[in-house]
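Visitor: Structure provided below as structure tokens; questions to follow.
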Amino acid sequence: MAVAADRATYSWSAASFATQYKVVRGGTGAFPVGPGGGDEVCFDNLTGPTLNDPAEPDPGSGFWYLSRGENACGIGTFGNQSDGSPRITTTCP
């Protein structure tokens, strides 16, 4: 994921055949991703590989972002954790 100079616009590589995207954001103090909680936010039904998020983390902290593509055939994944298990969150099912 890349951040633009305005520090609010994020973009990522388009997924093959994706017609929309979901992005989940969380606080870096709440690793690993999921299972969901007050620190996570879901950006749903994005029509392209770009997100505008003007939120700023508290001083001394940061945000992580994960995106996944969707189309009529199904929903992609948020990838895998370091142990090989899938990243799952109830915030952005």
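Chain labels follow the order of the structure tokens: the first chain is A, the next B, and so on; residue numbering restarts at 1 in every chain, and ligands are counted from 1 in their shown order.
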From stretch 11-50 of chain A, collect each residue whose DSSP state is strand (DSSP E) and return the set as a ChimeraX atom specification.

Guide: /A:11,20-27,41-46,50

Visitor: Give me the residues within 9 Å of A:Ala14 as a ChimeraX atom specification, counting only C-alpha atoms and dropping any in the same chain fewer than 2 places off.

Guide: /A:11-12,16-18,48-49,69

Visitor: For the residues in that selection, give me N, CA and C atoms as a PDB file, in the first residue's frame.

Guide:
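Produced file out-v7.pdb, reproduced below:
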```pdb
ATOM      1  N   SER A  11      -3.246   3.877  -1.832  1.00  0.00           N
ATOM      2  CA  SER A  11      -3.522   3.095  -3.031  1.00  0.00           C
ATOM      3  C   SER A  11      -2.722   1.799  -2.975  1.00  0.00           C
ATOM      4  N   TRP A  12      -3.164   0.828  -3.747  1.00  0.00           N
ATOM      5  CA  TRP A  12      -2.524  -0.483  -3.792  1.00  0.00           C
ATOM      6  C   TRP A  12      -2.696  -1.044  -5.192  1.00  0.00           C
ATOM      7  N   SER A  16      -6.452  -8.897  -9.841  1.00  0.00           N
ATOM      8  CA  SER A  16      -7.021  -9.382 -11.097  1.00  0.00           C
ATOM      9  C   SER A  16      -8.497  -9.702 -10.909  1.00  0.00           C
ATOM     10  N   PHE A  17      -9.297  -9.196 -11.798  1.00  0.00           N
ATOM     11  CA  PHE A  17     -10.738  -9.458 -11.856  1.00  0.00           C
ATOM     12  C   PHE A  17     -11.547  -8.856 -10.708  1.00  0.00           C
ATOM     13  N   ALA A  18     -10.953  -8.074  -9.827  1.00  0.00           N
ATOM     14  CA  ALA A  18     -11.710  -7.457  -8.733  1.00  0.00           C
ATOM     15  C   ALA A  18     -12.603  -6.350  -9.267  1.00  0.00           C
ATOM     16  N   GLY A  48     -12.459   1.033  -6.521  1.00  0.00           N
ATOM     17  CA  GLY A  48     -11.121   0.952  -7.113  1.00  0.00           C
ATOM     18  C   GLY A  48     -10.080   0.790  -6.031  1.00  0.00           C
ATOM     19  N   PRO A  49      -8.823   0.613  -6.420  1.00  0.00           N
ATOM     20  CA  PRO A  49      -7.751   0.387  -5.456  1.00  0.00           C
ATOM     21  C   PRO A  49      -7.215   1.668  -4.823  1.00  0.00           C
ATOM     22  N   GLY A  69      -9.681  -7.931  -2.697  1.00  0.00           N
ATOM     23  CA  GLY A  69     -10.589  -7.738  -3.815  1.00  0.00           C
ATOM     24  C   GLY A  69     -11.795  -8.659  -3.721  1.00  0.00           C
TER      25      GLY A  69
END
```

Visitor: Measuring atom to atom with only C-alpha atoms, identify which of A:Phe31, A:Pro57, A:Asp6, A:Asp44 is nearest to A:Arg87.

Guide: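 Residue with the minimum atom-to-atom distance to A:Arg87: A:Phe31.
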
Visitor: Which neighbours of A:Cys42 fall inside 10 Å, counting only C-alpha atoms, when residues of the same chain fewer than 3 positions from it are skipped, and could you give them as a list in words?

Guide: Lys22, Val23, Val24, Arg25, Gly26, Gly36, Asn45, Tyr65, Leu66, Ser67, Thr89, Thr90, Thr91, Cys92 and Pro93 of chain A

Visitor: Atoms to include: C-alpha atoms. Write the selected residues as an mmCIF file, in the first residue's frame.

Guide:
```
data_model
loop_
_atom_site.group_PDB
_atom_site.id
_atom_site.type_symbol
_atom_site.label_atom_id
_atom_site.label_comp_id
_atom_site.auth_asym_id
_atom_site.auth_seq_id
_atom_site.Cartn_x
_atom_site.Cartn_y
_atom_site.Cartn_z
ATOM 1 C CA LYS A 22 -12.644 -3.962 1.230
ATOM 2 C CA VAL A 23 -9.956 -2.416 3.421
ATOM 3 C CA VAL A 24 -9.563 -2.955 7.140
ATOM 4 C CA ARG A 25 -7.563 -0.518 9.263
ATOM 5 C CA GLY A 26 -6.337 -1.077 12.795
ATOM 6 C CA GLY A 36 -12.036 -7.440 15.314
ATOM 7 C CA ASN A 45 -17.547 -1.413 -1.350
ATOM 8 C CA TYR A 65 -4.135 -1.342 6.414
ATOM 9 C CA LEU A 66 -5.043 -4.560 4.574
ATOM 10 C CA SER A 67 -7.023 -4.729 1.343
ATOM 11 C CA THR A 89 -11.383 -10.094 11.264
ATOM 12 C CA THR A 90 -15.037 -9.759 12.171
ATOM 13 C CA THR A 91 -14.771 -6.014 11.529
ATOM 14 C CA CYS A 92 -14.652 -6.534 7.766
ATOM 15 C CA PRO A 93 -16.128 -10.010 7.122
#
```

Visitor: Return the single residue from A:Thr77, A:Ser61, A:Asn71, A:Asn52 that is closest to A:Ala4, with distances computed using only C-alpha atoms.

Guide: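 Looking only at the distances to A:Ala4, the closest residue turns out to be A:Asn52.
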